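start.cif, holding mmCIF, C-alpha atoms (C1' of nucleotides):
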data_work
#
loop_
_atom_site.group_PDB
_atom_site.id
_atom_site.type_symbol
_atom_site.label_atom_id
_atom_site.label_comp_id
_atom_site.auth_asym_id
_atom_site.auth_seq_id
_atom_site.Cartn_x
_atom_site.Cartn_y
_atom_site.Cartn_z
ATOM 1 C CA MET A 1 0.000 0.000 0.000
ATOM 2 C CA PRO A 2 2.271 2.656 1.194
ATOM 3 C CA GLU A 3 4.957 4.447 -0.744
ATOM 4 C CA LEU A 4 6.653 7.716 0.129
ATOM 5 C CA PRO A 5 3.558 10.000 -0.102
ATOM 6 C CA GLU A 6 1.352 7.636 1.924
ATOM 7 C CA VAL A 7 4.050 7.088 4.560
ATOM 8 C CA GLU A 8 4.688 10.855 4.757
ATOM 9 C CA THR A 9 0.946 11.510 5.210
ATOM 10 C CA ILE A 10 0.683 8.894 7.954
ATOM 11 C CA ALA A 11 3.826 10.084 9.766
ATOM 12 C CA ARG A 12 2.584 13.694 9.768
ATOM 13 C CA GLY A 13 -0.855 12.644 11.011
ATOM 14 C CA VAL A 14 0.575 10.487 13.776
ATOM 15 C CA HIS A 15 3.020 13.222 14.800
ATOM 16 C CA GLU A 16 0.262 15.845 15.066
ATOM 17 C CA ARG A 17 -1.806 13.590 17.291
ATOM 18 C CA VAL A 18 0.736 11.949 19.580
ATOM 19 C CA HIS A 19 3.876 14.062 19.959
ATOM 20 C CA GLY A 20 4.456 14.885 23.599
ATOM 21 C CA ASP A 21 2.285 11.974 24.690
ATOM 22 C CA PHE A 22 3.418 9.093 26.936
ATOM 23 C CA ILE A 23 3.262 5.379 26.215
ATOM 24 C CA ASP A 24 1.461 3.800 29.163
ATOM 25 C CA LYS A 25 0.844 0.207 28.194
ATOM 26 C CA VAL A 26 1.812 -1.908 25.207
ATOM 27 C CA TRP A 27 0.076 -4.963 23.772
ATOM 28 C CA PHE A 28 1.512 -7.166 20.998
ATOM 29 C CA GLY A 29 -0.368 -9.835 19.017
ATOM 30 C CA LYS A 30 0.717 -13.442 18.713
ATOM 31 C CA HIS A 31 2.235 -13.431 15.230
ATOM 32 C CA PRO A 32 6.020 -13.113 15.287
ATOM 33 C CA GLN A 33 6.414 -11.917 11.674
ATOM 34 C CA PRO A 34 5.864 -8.181 12.231
ATOM 35 C CA PHE A 35 8.779 -8.050 14.657
ATOM 36 C CA LYS A 36 12.154 -7.644 13.063
ATOM 37 C CA THR A 37 13.906 -9.149 16.050
ATOM 38 C CA PRO A 38 12.238 -11.217 18.810
ATOM 39 C CA ALA A 39 13.484 -8.677 21.367
ATOM 40 C CA THR A 40 11.261 -6.076 19.721
ATOM 41 C CA ARG A 41 8.288 -7.940 21.158
ATOM 42 C CA GLN A 42 9.313 -7.008 24.671
ATOM 43 C CA SER A 43 7.113 -4.089 25.582
ATOM 44 C CA ARG A 44 9.619 -2.951 28.220
ATOM 45 C CA GLY A 45 11.526 -0.763 25.774
ATOM 46 C CA LEU A 46 8.436 1.265 24.896
ATOM 47 C CA GLU A 47 6.426 1.543 28.090
ATOM 48 C CA GLY A 48 6.724 4.799 30.014
ATOM 49 C CA ARG A 49 8.591 6.642 27.279
ATOM 50 C CA VAL A 50 7.585 10.010 25.858
ATOM 51 C CA LEU A 51 6.905 10.267 22.103
ATOM 52 C CA LEU A 52 9.137 13.179 21.131
ATOM 53 C CA ALA A 53 8.415 13.182 17.394
ATOM 54 C CA VAL A 54 7.246 10.997 14.498
ATOM 55 C CA HIS A 55 8.688 11.388 11.017
ATOM 56 C CA ARG A 56 9.314 9.569 7.732
ATOM 57 C CA THR A 57 12.540 8.448 6.104
ATOM 58 C CA GLY A 58 12.202 6.457 2.872
ATOM 59 C CA LYS A 59 9.198 4.186 3.472
ATOM 60 C CA HIS A 60 9.914 3.959 7.196
ATOM 61 C CA ILE A 61 8.080 5.760 9.998
ATOM 62 C CA VAL A 62 10.438 6.654 12.842
ATOM 63 C CA CYS A 63 9.046 7.399 16.316
ATOM 64 C CA GLU A 64 11.668 9.230 18.400
ATOM 65 C CA LEU A 65 11.352 8.214 22.038
ATOM 66 C CA GLY A 66 12.552 10.084 25.109
ATOM 67 C CA PRO A 67 13.415 8.568 28.493
ATOM 68 C CA ALA A 68 10.792 6.799 30.547
ATOM 69 C CA SER A 69 9.046 9.338 32.768
ATOM 70 C CA LYS A 70 5.526 10.080 33.915
ATOM 71 C CA PRO A 71 3.287 13.119 33.561
ATOM 72 C CA ASN A 72 3.828 15.527 36.476
ATOM 73 C CA ARG A 73 0.477 14.980 38.109
ATOM 74 C CA PRO A 74 -2.321 12.490 37.564
ATOM 75 C CA GLY A 75 -4.734 13.749 34.933
ATOM 76 C CA ASP A 76 -2.008 15.756 33.253
ATOM 77 C CA THR A 77 -2.916 14.013 30.069
ATOM 78 C CA ARG A 78 -1.063 16.133 27.524
ATOM 79 C CA PRO A 79 2.288 17.011 29.029
ATOM 80 C CA CYS A 80 4.274 19.783 27.412
ATOM 81 C CA ASN A 81 6.235 18.755 24.391
ATOM 82 C CA GLN A 82 9.974 18.922 24.899
ATOM 83 C CA PRO A 83 11.371 19.101 21.389
ATOM 84 C CA GLU A 84 14.871 19.920 22.660
ATOM 85 C CA GLN A 85 15.083 16.572 24.396
ATOM 86 C CA GLN A 86 17.477 14.067 22.844
ATOM 87 C CA PRO A 87 15.883 10.776 21.752
ATOM 88 C CA GLU A 88 17.084 7.748 23.697
ATOM 89 C CA ALA A 89 15.307 5.162 21.584
ATOM 90 C CA GLN A 90 13.422 4.723 18.311
ATOM 91 C CA TRP A 91 10.397 2.687 17.278
ATOM 92 C CA ILE A 92 10.580 2.048 13.554
ATOM 93 C CA VAL A 93 7.487 1.034 11.599
ATOM 94 C CA HIS A 94 7.527 -0.330 8.049
ATOM 95 C CA LEU A 95 4.039 -0.844 6.640
ATOM 96 C CA GLY A 96 4.857 -3.443 3.967
ATOM 97 C CA MET A 97 1.994 -3.776 1.482
ATOM 98 C CA THR A 98 -1.053 -3.586 3.729
ATOM 99 C CA GLY A 99 0.113 -2.037 6.992
ATOM 100 C CA ARG A 100 -1.733 0.804 8.736
ATOM 101 C CA LEU A 101 -0.732 2.973 11.660
ATOM 102 C CA LEU A 102 -3.842 4.441 13.264
ATOM 103 C CA VAL A 103 -4.525 6.824 16.135
ATOM 104 C CA THR A 104 -7.826 5.798 17.701
ATOM 105 C CA THR A 105 -9.759 5.866 20.935
ATOM 106 C CA PRO A 106 -9.488 2.753 23.133
ATOM 107 C CA GLU A 107 -13.190 2.061 22.501
ATOM 108 C CA SER A 108 -12.869 2.008 18.726
ATOM 109 C CA PRO A 109 -13.397 -1.599 17.471
ATOM 110 C CA VAL A 110 -10.146 -3.528 17.086
ATOM 111 C CA ALA A 111 -9.658 -4.465 13.429
ATOM 112 C CA THR A 112 -8.704 -8.037 12.557
ATOM 113 C CA HIS A 113 -4.935 -8.374 12.063
ATOM 114 C CA THR A 114 -4.139 -5.780 14.715
ATOM 115 C CA HIS A 115 -0.603 -6.664 15.844
ATOM 116 C CA ALA A 116 0.285 -3.823 18.212
ATOM 117 C CA ARG A 117 -1.650 -1.441 20.502
ATOM 118 C CA LEU A 118 0.054 1.361 22.411
ATOM 119 C CA SER A 119 -2.117 2.999 25.088
ATOM 120 C CA LEU A 120 -1.157 6.630 25.525
ATOM 121 C CA ALA A 121 -1.457 8.807 28.626
ATOM 122 C CA SER A 122 -3.831 11.162 26.777
ATOM 123 C CA GLY A 123 -6.322 8.321 26.407
ATOM 124 C CA ARG A 124 -5.604 7.720 22.734
ATOM 125 C CA GLU A 125 -4.336 4.512 21.231
ATOM 126 C CA LEU A 126 -1.726 3.971 18.523
ATOM 127 C CA ARG A 127 -2.475 0.790 16.543
ATOM 128 C CA PHE A 128 -0.543 -1.190 13.970
ATOM 129 C CA VAL A 129 -2.784 -3.270 11.680
ATOM 130 C CA ASP A 130 -1.428 -5.435 8.842
ATOM 131 C CA PRO A 131 -3.403 -8.298 7.206
ATOM 132 C CA ARG A 132 -0.555 -9.673 5.056
ATOM 133 C CA ARG A 133 2.068 -9.274 7.758
ATOM 134 C CA PHE A 134 4.706 -7.960 5.338
ATOM 135 C CA GLY A 135 5.201 -4.956 7.618
ATOM 136 C CA ARG A 136 7.934 -4.819 10.274
ATOM 137 C CA LEU A 137 8.343 -3.250 13.710
ATOM 138 C CA GLU A 138 11.745 -2.570 15.199
ATOM 139 C CA PHE A 139 12.912 -1.116 18.508
ATOM 140 C CA ARG A 140 16.290 0.606 18.776
ATOM 141 C CA ASP A 141 17.931 1.527 22.041
ATOM 142 C CA LEU A 142 20.172 4.398 20.993
ATOM 143 C CA ARG A 143 22.596 3.795 23.861
ATOM 144 C CA ARG A 144 23.345 0.487 22.155
ATOM 145 C CA ASP A 145 22.164 0.690 18.526
ATOM 146 C CA ALA A 146 22.887 3.185 15.782
ATOM 147 C CA ALA A 147 20.079 5.564 14.815
ATOM 148 C CA PHE A 148 18.007 4.375 11.849
ATOM 149 C CA HIS A 149 18.971 5.580 8.375
ATOM 150 C CA ALA A 150 17.247 4.712 5.097
ATOM 151 C CA ALA A 151 19.570 2.881 2.715
ATOM 152 C CA GLY A 152 19.052 5.074 -0.347
ATOM 153 C CA GLU A 153 18.806 8.744 -1.262
ATOM 154 C CA GLU A 154 15.698 10.853 -0.644
ATOM 155 C CA PRO A 155 13.959 11.374 -4.020
ATOM 156 C CA LEU A 156 12.478 14.723 -2.924
ATOM 157 C CA THR A 157 15.808 16.424 -2.291
ATOM 158 C CA ILE A 158 18.468 14.643 -4.383
ATOM 159 C CA GLN A 159 20.349 16.917 -6.824
ATOM 160 C CA SER A 160 21.105 16.297 -10.517
ATOM 161 C CA LYS A 161 24.616 14.890 -10.276
ATOM 162 C CA PRO A 162 24.106 12.328 -7.510
ATOM 163 C CA PHE A 163 20.813 11.321 -9.144
ATOM 164 C CA ALA A 164 22.514 10.591 -12.472
ATOM 165 C CA ALA A 165 25.324 8.745 -10.668
ATOM 166 C CA LEU A 166 22.823 6.301 -9.144
ATOM 167 C CA PHE A 167 21.941 4.933 -12.582
ATOM 168 C CA HIS A 168 25.294 5.220 -14.329
ATOM 169 C CA GLY A 169 26.344 1.939 -15.976
ATOM 170 C CA ARG A 170 23.353 -0.029 -14.712
ATOM 171 C CA ARG A 171 22.049 -2.763 -16.998
ATOM 172 C CA MET A 172 18.695 -3.146 -15.274
ATOM 173 C CA PRO A 173 15.492 -1.542 -16.588
ATOM 174 C CA ILE A 174 14.968 1.963 -15.203
ATOM 175 C CA LYS A 175 11.738 0.832 -13.520
ATOM 176 C CA ALA A 176 13.613 -1.879 -11.604
ATOM 177 C CA ALA A 177 16.247 0.672 -10.579
ATOM 178 C CA LEU A 178 13.564 3.080 -9.309
ATOM 179 C CA LEU A 179 12.137 0.295 -7.129
ATOM 180 C CA ASN A 180 15.578 -0.502 -5.646
ATOM 181 C CA GLN A 181 15.512 1.057 -2.174
ATOM 182 C CA LYS A 182 19.315 1.030 -1.956
ATOM 183 C CA LEU A 183 19.420 3.629 -4.741
ATOM 184 C CA LEU A 184 16.371 5.776 -3.916
ATOM 185 C CA SER A 185 14.289 5.323 -0.767
ATOM 186 C CA GLY A 186 10.541 5.623 -0.975
ATOM 187 C CA VAL A 187 9.617 4.999 -4.627
ATOM 188 C CA GLY A 188 7.277 2.035 -5.142
ATOM 189 C CA ASN A 189 5.202 0.602 -7.957
ATOM 190 C CA ILE A 190 2.664 3.416 -8.320
ATOM 191 C CA TYR A 191 5.084 6.350 -8.312
ATOM 192 C CA ALA A 192 7.677 4.550 -10.460
ATOM 193 C CA ASP A 193 5.060 4.087 -13.202
ATOM 194 C CA GLU A 194 3.607 7.572 -12.815
ATOM 195 C CA SER A 195 6.950 9.398 -12.840
ATOM 196 C CA LEU A 196 8.192 7.428 -15.879
ATOM 197 C CA PHE A 197 5.018 8.489 -17.705
ATOM 198 C CA HIS A 198 5.519 12.158 -16.839
ATOM 199 C CA ALA A 199 9.171 11.921 -17.896
ATOM 200 C CA GLY A 200 8.205 10.191 -21.184
ATOM 201 C CA ILE A 201 10.487 7.197 -20.591
ATOM 202 C CA ARG A 202 9.772 3.489 -21.255
ATOM 203 C CA PRO A 203 9.949 1.398 -18.080
ATOM 204 C CA ARG A 204 12.067 -1.233 -19.894
ATOM 205 C CA LYS A 205 14.748 1.215 -21.015
ATOM 206 C CA LEU A 206 18.039 0.269 -19.351
ATOM 207 C CA ALA A 207 18.938 2.670 -16.544
ATOM 208 C CA GLY A 208 22.485 3.192 -17.824
ATOM 209 C CA ARG A 209 21.187 4.110 -21.300
ATOM 210 C CA LEU A 210 19.203 7.150 -20.179
ATOM 211 C CA THR A 211 20.480 10.433 -21.606
ATOM 212 C CA LYS A 212 21.389 13.355 -19.385
ATOM 213 C CA ALA A 213 18.161 15.077 -20.418
ATOM 214 C CA GLU A 214 16.063 12.009 -19.640
ATOM 215 C CA LEU A 215 17.672 11.634 -16.213
ATOM 216 C CA GLU A 216 16.880 15.240 -15.370
ATOM 217 C CA ARG A 217 13.292 14.912 -16.628
ATOM 218 C CA LEU A 218 12.910 11.810 -14.463
ATOM 219 C CA ARG A 219 14.336 13.475 -11.359
ATOM 220 C CA LEU A 220 11.975 16.437 -11.715
ATOM 221 C CA ALA A 221 8.971 14.247 -12.607
ATOM 222 C CA LEU A 222 9.575 12.134 -9.505
ATOM 223 C CA ARG A 223 9.755 15.220 -7.320
ATOM 224 C CA GLU A 224 6.609 16.767 -8.812
ATOM 225 C CA VAL A 225 4.575 13.550 -8.670
ATOM 226 C CA LEU A 226 5.604 12.774 -5.080
ATOM 227 C CA GLN A 227 4.987 16.336 -3.870
ATOM 228 C CA HIS A 228 1.606 16.493 -5.595
ATOM 229 C CA ALA A 229 0.637 13.103 -4.114
ATOM 230 C CA ILE A 230 1.617 14.279 -0.614
ATOM 231 C CA ARG A 231 -0.579 17.378 -1.070
ATOM 232 C CA LEU A 232 -3.512 15.051 -1.934
ATOM 233 C CA GLY A 233 -2.891 12.739 1.018
ATOM 234 C CA GLY A 234 -1.484 9.847 -1.050
ATOM 235 C CA SER A 235 -3.162 7.263 -3.313
ATOM 236 C CA SER A 236 -6.000 5.088 -2.004
ATOM 237 C CA VAL A 237 -5.953 2.204 -4.489
ATOM 238 C CA SER A 238 -7.999 -0.222 -2.420
ATOM 239 C CA ASP A 239 -7.899 0.372 1.302
ATOM 240 C CA TYR A 240 -5.135 2.813 2.165
ATOM 241 C CA VAL A 241 -6.050 5.286 4.904
ATOM 242 C CA ASP A 242 -3.985 7.773 6.899
ATOM 243 C CA ALA A 243 -3.478 7.878 10.665
ATOM 244 C CA ALA A 244 -7.018 9.169 11.179
ATOM 245 C CA GLY A 245 -8.607 6.653 8.792
ATOM 246 C CA VAL A 246 -9.015 9.150 5.927
ATOM 247 C CA ARG A 247 -8.467 8.132 2.282
ATOM 248 C CA GLY A 248 -6.130 9.936 -0.121
ATOM 249 C CA PHE A 249 -7.075 11.447 -3.482
ATOM 250 C CA PHE A 250 -4.048 11.024 -5.724
ATOM 251 C CA GLN A 251 -5.510 7.852 -7.306
ATOM 252 C CA LEU A 252 -7.855 10.206 -9.183
ATOM 253 C CA GLU A 253 -4.835 11.719 -10.921
ATOM 254 C CA HIS A 254 -3.054 8.507 -11.903
ATOM 255 C CA CYS A 255 -2.155 8.584 -15.603
ATOM 256 C CA VAL A 256 -1.047 4.961 -16.083
ATOM 257 C CA TYR A 257 -1.081 2.960 -12.850
ATOM 258 C CA MET A 258 -3.990 0.458 -12.968
ATOM 259 C CA ARG A 259 -5.328 2.086 -16.154
ATOM 260 C CA THR A 260 -4.654 -0.875 -18.475
ATOM 261 C CA GLY A 261 -6.621 -0.505 -21.733
ATOM 262 C CA LEU A 262 -7.947 2.934 -20.810
ATOM 263 C CA PRO A 263 -7.064 5.865 -23.109
ATOM 264 C CA CYS A 264 -3.876 7.781 -22.294
ATOM 265 C CA ARG A 265 -4.836 11.121 -20.748
ATOM 266 C CA SER A 266 -2.477 12.836 -23.179
ATOM 267 C CA CYS A 267 -2.878 11.004 -26.545
ATOM 268 C CA ASP A 268 -5.797 8.507 -26.153
ATOM 269 C CA THR A 269 -3.575 5.496 -26.946
ATOM 270 C CA PRO A 270 -4.622 2.513 -24.762
ATOM 271 C CA ILE A 271 -2.377 2.114 -21.693
ATOM 272 C CA GLN A 272 -0.295 -1.079 -21.816
ATOM 273 C CA ARG A 273 0.445 -3.441 -18.959
ATOM 274 C CA ILE A 274 3.561 -5.625 -18.877
ATOM 275 C CA LEU A 275 5.338 -7.618 -16.185
ATOM 276 C CA LEU A 276 8.681 -6.123 -15.171
ATOM 277 C CA ALA A 277 10.763 -7.024 -12.121
ATOM 278 C CA GLY A 278 7.835 -9.207 -11.121
ATOM 279 C CA ARG A 279 5.531 -6.196 -10.853
ATOM 280 C CA GLY A 280 2.607 -5.027 -12.931
ATOM 281 C CA THR A 281 3.980 -2.146 -15.013
ATOM 282 C CA HIS A 282 1.823 0.381 -16.843
ATOM 283 C CA TYR A 283 2.829 2.812 -19.599
ATOM 284 C CA CYS A 284 1.706 4.664 -22.710
ATOM 285 C CA PRO A 285 3.420 3.137 -25.776
ATOM 286 C CA LYS A 286 3.169 6.443 -27.659
ATOM 287 C CA CYS A 287 4.130 8.984 -24.985
ATOM 288 C CA GLN A 288 6.948 6.879 -23.487
ATOM 289 C CA ARG A 289 9.898 5.984 -25.733
ATOM 290 C "C1'" DC B 1 29.527 -8.660 -8.126
ATOM 291 C "C1'" DA B 2 25.002 -7.381 -10.565
ATOM 292 C "C1'" DT B 3 20.600 -8.767 -11.697
ATOM 293 C "C1'" DT B 4 16.363 -11.675 -11.613
ATOM 294 C "C1'" DT B 5 13.057 -14.668 -9.433
ATOM 295 C "C1'" DC B 6 10.501 -16.228 -5.748
ATOM 296 C "C1'" DA B 7 8.586 -16.880 -1.143
ATOM 297 C "C1'" DC B 8 6.451 -14.617 2.408
ATOM 298 C "C1'" DC B 9 0.848 -13.598 3.692
ATOM 299 C "C1'" DT B 10 -4.360 -12.449 3.394
ATOM 300 C "C1'" DG B 11 -8.193 -10.834 0.841
ATOM 301 C "C1'" DG B 12 -10.677 -9.140 -3.130
ATOM 302 C "C1'" DT B 13 -12.211 -9.923 -7.865
ATOM 303 C "C1'" DG B 14 -13.782 -12.208 -11.838
ATOM 304 C "C1'" DG B 15 -14.491 -16.541 -14.642
ATOM 305 C "C1'" DC B 16 -16.877 -20.877 -14.815
ATOM 306 C "C1'" DT C 1 -23.332 -19.892 -3.976
ATOM 307 C "C1'" DG C 2 -18.817 -22.316 -4.472
ATOM 308 C "C1'" DC C 3 -14.358 -23.125 -6.141
ATOM 309 C "C1'" DC C 4 -10.223 -21.552 -8.163
ATOM 310 C "C1'" DA C 5 -6.778 -18.805 -10.440
ATOM 311 C "C1'" DC C 6 -4.867 -14.536 -10.326
ATOM 312 C "C1'" DC C 7 -3.754 -10.066 -8.629
ATOM 313 C "C1'" DA C 8 -2.324 -6.495 -5.043
ATOM 314 C "C1'" DG C 9 1.051 -0.457 -2.376
ATOM 315 C "C1'" DG C 10 7.281 -4.443 -0.504
ATOM 316 C "C1'" DT C 11 11.393 -6.736 0.529
ATOM 317 C "C1'" DG C 12 15.229 -9.775 1.095
ATOM 318 C "C1'" DA C 13 17.037 -14.466 0.376
ATOM 319 C "C1'" DA C 14 18.157 -17.636 -3.149
ATOM 320 C "C1'" DA C 15 19.201 -18.559 -7.761
ATOM 321 C "C1'" DT C 16 21.357 -17.286 -12.102
#
Transcribe the structure of this file into structure tokens.
Amino acid sequence: MPELPEVETIARGVHERVHGDFIDKVWFGKHPQPFKTPATRQSRGLEGRVLLAVHRTGKHIVCELGPASKPNRPGDTRPCNQPEQQPEAQWIVHLGMTGRLLVTTPESPVATHTHARLSLASGRELRFVDPRRFGRLEFRDLRRDAAFHAAGEEPLTIQSKPFAALFHGRRMPIKAALLNQKLLSGVGNIYADESLFHAGIRPRKLAGRLTKAELERLRLALREVLQHAIRLGGSSVSDYVDAAGVRGFFQLEHCVYMRTGLPCRSCDTPIQRILLAGRGTHYCPKCQR
DNA sequence: CATTTCACCTGGTGGC
DNA sequence: TGCCACCAGGTGAAAT
């Protein structure tokens, strides 16, 4: 489900609702898959800590956690945020294909495939729901572990030269390279297809064969498409919702993704679907060369 | 080493 | 209605 714009939307929504809050009690479901290491299942690391901030890097949501401490007095449900405070730990959430991170009330019905529930001092609850269990949860104690860093470059901020260098000499199709998180972090199947359409480049074209002009068109198309999608709250293809359960609107602006056989928005040629890197790949045979 | 394929999961859809 | 094949926003291990 979630690529960069969806993860950004969720991280912002979660941050707005929970920063400054305290984690009172933690519940984990019985399936081990969502936990990157078995130790992550121990709630001890999370309980009592203050949620300093929540942000996105690549497709990962990073919750910065302060030291374990309690609100000053009982009923002090929303303690002052202390942004200056140094994080002592991180809770990293990867949503896989079907993961959701939701801020709810404790009374709100618990969806099937809920794998984690964090009760917060304010009375809210932070829930991780993931039917396919491709998502992952990880706890990092920063006194012991290094802070989390996405493997690849941020597509929103990368400059021309380093962008071109990522693809130099590569013999894989450009679409496969865009999906490789070690090169760029955050681009998935939807935004790879959409940005290649806007750049006028065939998904099968070998990455190392792109001209300087094509590389620059691609870099700018990626940035525009991702920024526009963030403004619209991401793409809700089937069931994606943000931290508050609200759908995105960018799916209404898709030009090729899941538009097989429909007329190209630019030239009316039917959109083609092929299989590339094991993924459904959509493009306009006339607009993309 | 670089690149491709496949397994990991559940659920929705469409054909028969 | 039931059964079944196929498809889906991702990733990393195994194979080539």
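Atom CA of Tyr283 of chain A is positioned 7.4 Å from atom CA of Pro203 of chain A.
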Quick one: which residues from chain A are at most 10 Å off chain C, using only C-alpha atoms (C1' of nucleotides), as a PyMOL selection string? chain A and resi 1-3+6+59+94-99+134-135+179-181+188-191+235-240+279-280
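Atom CA of Leu120 of chain A is positioned 26.8 Å from atom CA of Gly234 of chain A.
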Given a cut-off of 7 Å, which residues of chain A touch chain B, counting all atoms listed in the file, written out as a PyMOL selection string? chain A and resi 131-133+172
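Between atom CA of Arg265 of chain A and atom CA of Leu184 of chain A the separation is 27.6 Å.
Taken over the whole file, the PyMOL selection byres ((chain A and resi 128) around 9) covers exactly Val93, Leu95, Gly99, Arg100, Leu101, Leu102, His113, Thr114, His115, Ala116, Arg117, Leu118, Leu126, Arg127, Val129 and Asp130 of chain A.
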To box chain B, take all atoms listed in the file, fit an axis-aligned box, add 5 Å on each side, and give centre and edge lengths in Å to one decimal, as JSON.
{"center_x": 6.3, "center_y": -14.1, "center_z": -5.6, "size_x": 56.4, "size_y": 23.5, "size_z": 28.5}
How would segment 237-255 of chain A read, as a PDB file, keeping the file's coordinate frame, once N, CA and C atoms are built in?
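The resulting part.pdb:
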ATOM      1  N   VAL A 237      -5.640   3.113  -3.394  1.00  0.00           N
ATOM      2  CA  VAL A 237      -5.953   2.204  -4.489  1.00  0.00           C
ATOM      3  C   VAL A 237      -7.040   1.236  -4.059  1.00  0.00           C
ATOM      4  N   SER A 238      -6.902   0.613  -2.912  1.00  0.00           N
ATOM      5  CA  SER A 238      -7.999  -0.222  -2.420  1.00  0.00           C
ATOM      6  C   SER A 238      -8.403   0.214  -1.018  1.00  0.00           C
ATOM      7  N   ASP A 239      -7.466   0.123  -0.073  1.00  0.00           N
ATOM      8  CA  ASP A 239      -7.899   0.372   1.302  1.00  0.00           C
ATOM      9  C   ASP A 239      -6.949   1.260   2.092  1.00  0.00           C
ATOM     10  N   TYR A 240      -6.053   1.961   1.412  1.00  0.00           N
ATOM     11  CA  TYR A 240      -5.135   2.813   2.165  1.00  0.00           C
ATOM     12  C   TYR A 240      -5.884   3.935   2.888  1.00  0.00           C
ATOM     13  N   VAL A 241      -5.564   4.130   4.157  1.00  0.00           N
ATOM     14  CA  VAL A 241      -6.050   5.286   4.904  1.00  0.00           C
ATOM     15  C   VAL A 241      -4.918   5.846   5.753  1.00  0.00           C
ATOM     16  N   ASP A 242      -5.028   7.137   6.092  1.00  0.00           N
ATOM     17  CA  ASP A 242      -3.985   7.773   6.899  1.00  0.00           C
ATOM     18  C   ASP A 242      -4.198   7.484   8.385  1.00  0.00           C
ATOM     19  N   ALA A 243      -3.459   8.173   9.229  1.00  0.00           N
ATOM     20  CA  ALA A 243      -3.478   7.878  10.665  1.00  0.00           C
ATOM     21  C   ALA A 243      -4.858   8.088  11.284  1.00  0.00           C
ATOM     22  N   ALA A 244      -5.687   8.904  10.653  1.00  0.00           N
ATOM     23  CA  ALA A 244      -7.018   9.169  11.179  1.00  0.00           C
ATOM     24  C   ALA A 244      -8.087   8.357  10.445  1.00  0.00           C
ATOM     25  N   GLY A 245      -7.663   7.482   9.530  1.00  0.00           N
ATOM     26  CA  GLY A 245      -8.607   6.653   8.792  1.00  0.00           C
ATOM     27  C   GLY A 245      -9.173   7.318   7.554  1.00  0.00           C
ATOM     28  N   VAL A 246      -8.515   8.392   7.070  1.00  0.00           N
ATOM     29  CA  VAL A 246      -9.015   9.150   5.927  1.00  0.00           C
ATOM     30  C   VAL A 246      -8.297   8.716   4.649  1.00  0.00           C
ATOM     31  N   ARG A 247      -9.051   8.546   3.546  1.00  0.00           N
ATOM     32  CA  ARG A 247      -8.467   8.132   2.282  1.00  0.00           C
ATOM     33  C   ARG A 247      -7.752   9.298   1.586  1.00  0.00           C
ATOM     34  N   GLY A 248      -6.811   8.940   0.695  1.00  0.00           N
ATOM     35  CA  GLY A 248      -6.130   9.936  -0.121  1.00  0.00           C
ATOM     36  C   GLY A 248      -6.871  10.155  -1.426  1.00  0.00           C
ATOM     37  N   PHE A 249      -6.382  11.102  -2.238  1.00  0.00           N
ATOM     38  CA  PHE A 249      -7.075  11.447  -3.482  1.00  0.00           C
ATOM     39  C   PHE A 249      -6.197  11.353  -4.724  1.00  0.00           C
ATOM     40  N   PHE A 250      -4.924  10.991  -4.545  1.00  0.00           N
ATOM     41  CA  PHE A 250      -4.048  11.024  -5.724  1.00  0.00           C
ATOM     42  C   PHE A 250      -4.407   9.960  -6.762  1.00  0.00           C
ATOM     43  N   GLN A 251      -5.100   8.887  -6.340  1.00  0.00           N
ATOM     44  CA  GLN A 251      -5.510   7.852  -7.306  1.00  0.00           C
ATOM     45  C   GLN A 251      -6.355   8.445  -8.428  1.00  0.00           C
ATOM     46  N   LEU A 252      -7.030   9.566  -8.161  1.00  0.00           N
ATOM     47  CA  LEU A 252      -7.855  10.206  -9.183  1.00  0.00           C
ATOM     48  C   LEU A 252      -6.996  10.851 -10.267  1.00  0.00           C
ATOM     49  N   GLU A 253      -5.726  11.053  -9.970  1.00  0.00           N
ATOM     50  CA  GLU A 253      -4.835  11.719 -10.921  1.00  0.00           C
ATOM     51  C   GLU A 253      -3.841  10.762 -11.557  1.00  0.00           C
ATOM     52  N   HIS A 254      -3.962   9.469 -11.267  1.00  0.00           N
ATOM     53  CA  HIS A 254      -3.054   8.507 -11.903  1.00  0.00           C
ATOM     54  C   HIS A 254      -3.234   8.566 -13.424  1.00  0.00           C
ATOM     55  N   CYS A 255      -2.110   8.562 -14.139  1.00  0.00           N
ATOM     56  CA  CYS A 255      -2.155   8.584 -15.603  1.00  0.00           C
ATOM     57  C   CYS A 255      -2.029   7.185 -16.188  1.00  0.00           C
TER      58      CYS A 255
END
